[in-house]
Amino acid sequence: MPGDGEFEHHPFTGAPIAGAGLPRWQSIVELALGAHRHFGSVPFIGWEIALGEDGPVLVEAGTTFAVSPRVRLADTAFAQLCLDR
């Protein structure tokens, strides 16, 4: 199944994933952290953030996730990357 595992390249398009950067990453992190401060009692919120012409824009927040129950989010490379920043 394409959603299982870690990939160096997108499984359908072949576009590189490993080493790819996201523009305005620090601004995105600051927006998500700032928004989350208003919901201190909620341990995990999936913030959907878009990159607009003037910077990141908060689109919505979600507390339910379409993640396989086999995946422990804290044990993923993506989670570790986020925690390291």
# chains A, B, ... in the order shown; residues from 1 in each chain; ligands from 1
$ residues_around --residues "Val57 (chain A)" --least-positions-apart "5" --cutoff "12 Å" --atoms "only C-alpha atoms" --output "list in words"
Arg24, Ser27, Ile28, Val29, Glu30, Leu31, Ala32, Ala35, Trp47, Glu48, Ile49, Ala50, Leu51 and Gly52 of chain A
$ residues_around --residues "Ile17 (chain A)" --least-positions-apart "6" --cutoff "10 Å" --atoms "only C-alpha atoms" --output "PDB file with N, CA and C atoms, in the first residue's frame"
ATOM      1  N   GLU A   6       8.276   4.519   4.720  1.00  0.00           N
ATOM      2  CA  GLU A   6       8.895   5.813   4.466  1.00  0.00           C
ATOM      3  C   GLU A   6       9.451   5.798   3.042  1.00  0.00           C
ATOM      4  N   PHE A   7       9.406   6.952   2.386  1.00  0.00           N
ATOM      5  CA  PHE A   7       9.775   7.024   0.983  1.00  0.00           C
ATOM      6  C   PHE A   7      10.781   8.133   0.736  1.00  0.00           C
ATOM      7  N   GLU A   8      11.726   7.874  -0.130  1.00  0.00           N
ATOM      8  CA  GLU A   8      12.667   8.892  -0.592  1.00  0.00           C
ATOM      9  C   GLU A   8      12.032   9.724  -1.710  1.00  0.00           C
ATOM     10  N   HIS A   9      11.087   9.095  -2.448  1.00  0.00           N
ATOM     11  CA  HIS A   9      10.389   9.745  -3.561  1.00  0.00           C
ATOM     12  C   HIS A   9       8.893   9.456  -3.442  1.00  0.00           C
ATOM     13  N   HIS A  10       8.079  10.370  -3.946  1.00  0.00           N
ATOM     14  CA  HIS A  10       6.631  10.175  -3.937  1.00  0.00           C
ATOM     15  C   HIS A  10       6.304   8.895  -4.704  1.00  0.00           C
ATOM     16  N   PRO A  11       5.474   8.005  -4.119  1.00  0.00           N
ATOM     17  CA  PRO A  11       5.221   6.707  -4.756  1.00  0.00           C
ATOM     18  C   PRO A  11       4.509   6.778  -6.098  1.00  0.00           C
TER      19      PRO A  11
END
$ atom_distance --atom1 "CA of Gly40 (chain A)" --atom2 "CA of Thr64 (chain A)"
16.7 Å
$ atom_distance --atom1 "CA of Trp25 (chain A)" --atom2 "CA of Pro43 (chain A)"
21.8 Å
$ atom_distance --atom1 "CA of Arg37 (chain A)" --atom2 "CA of Glu53 (chain A)"
25.0 Å
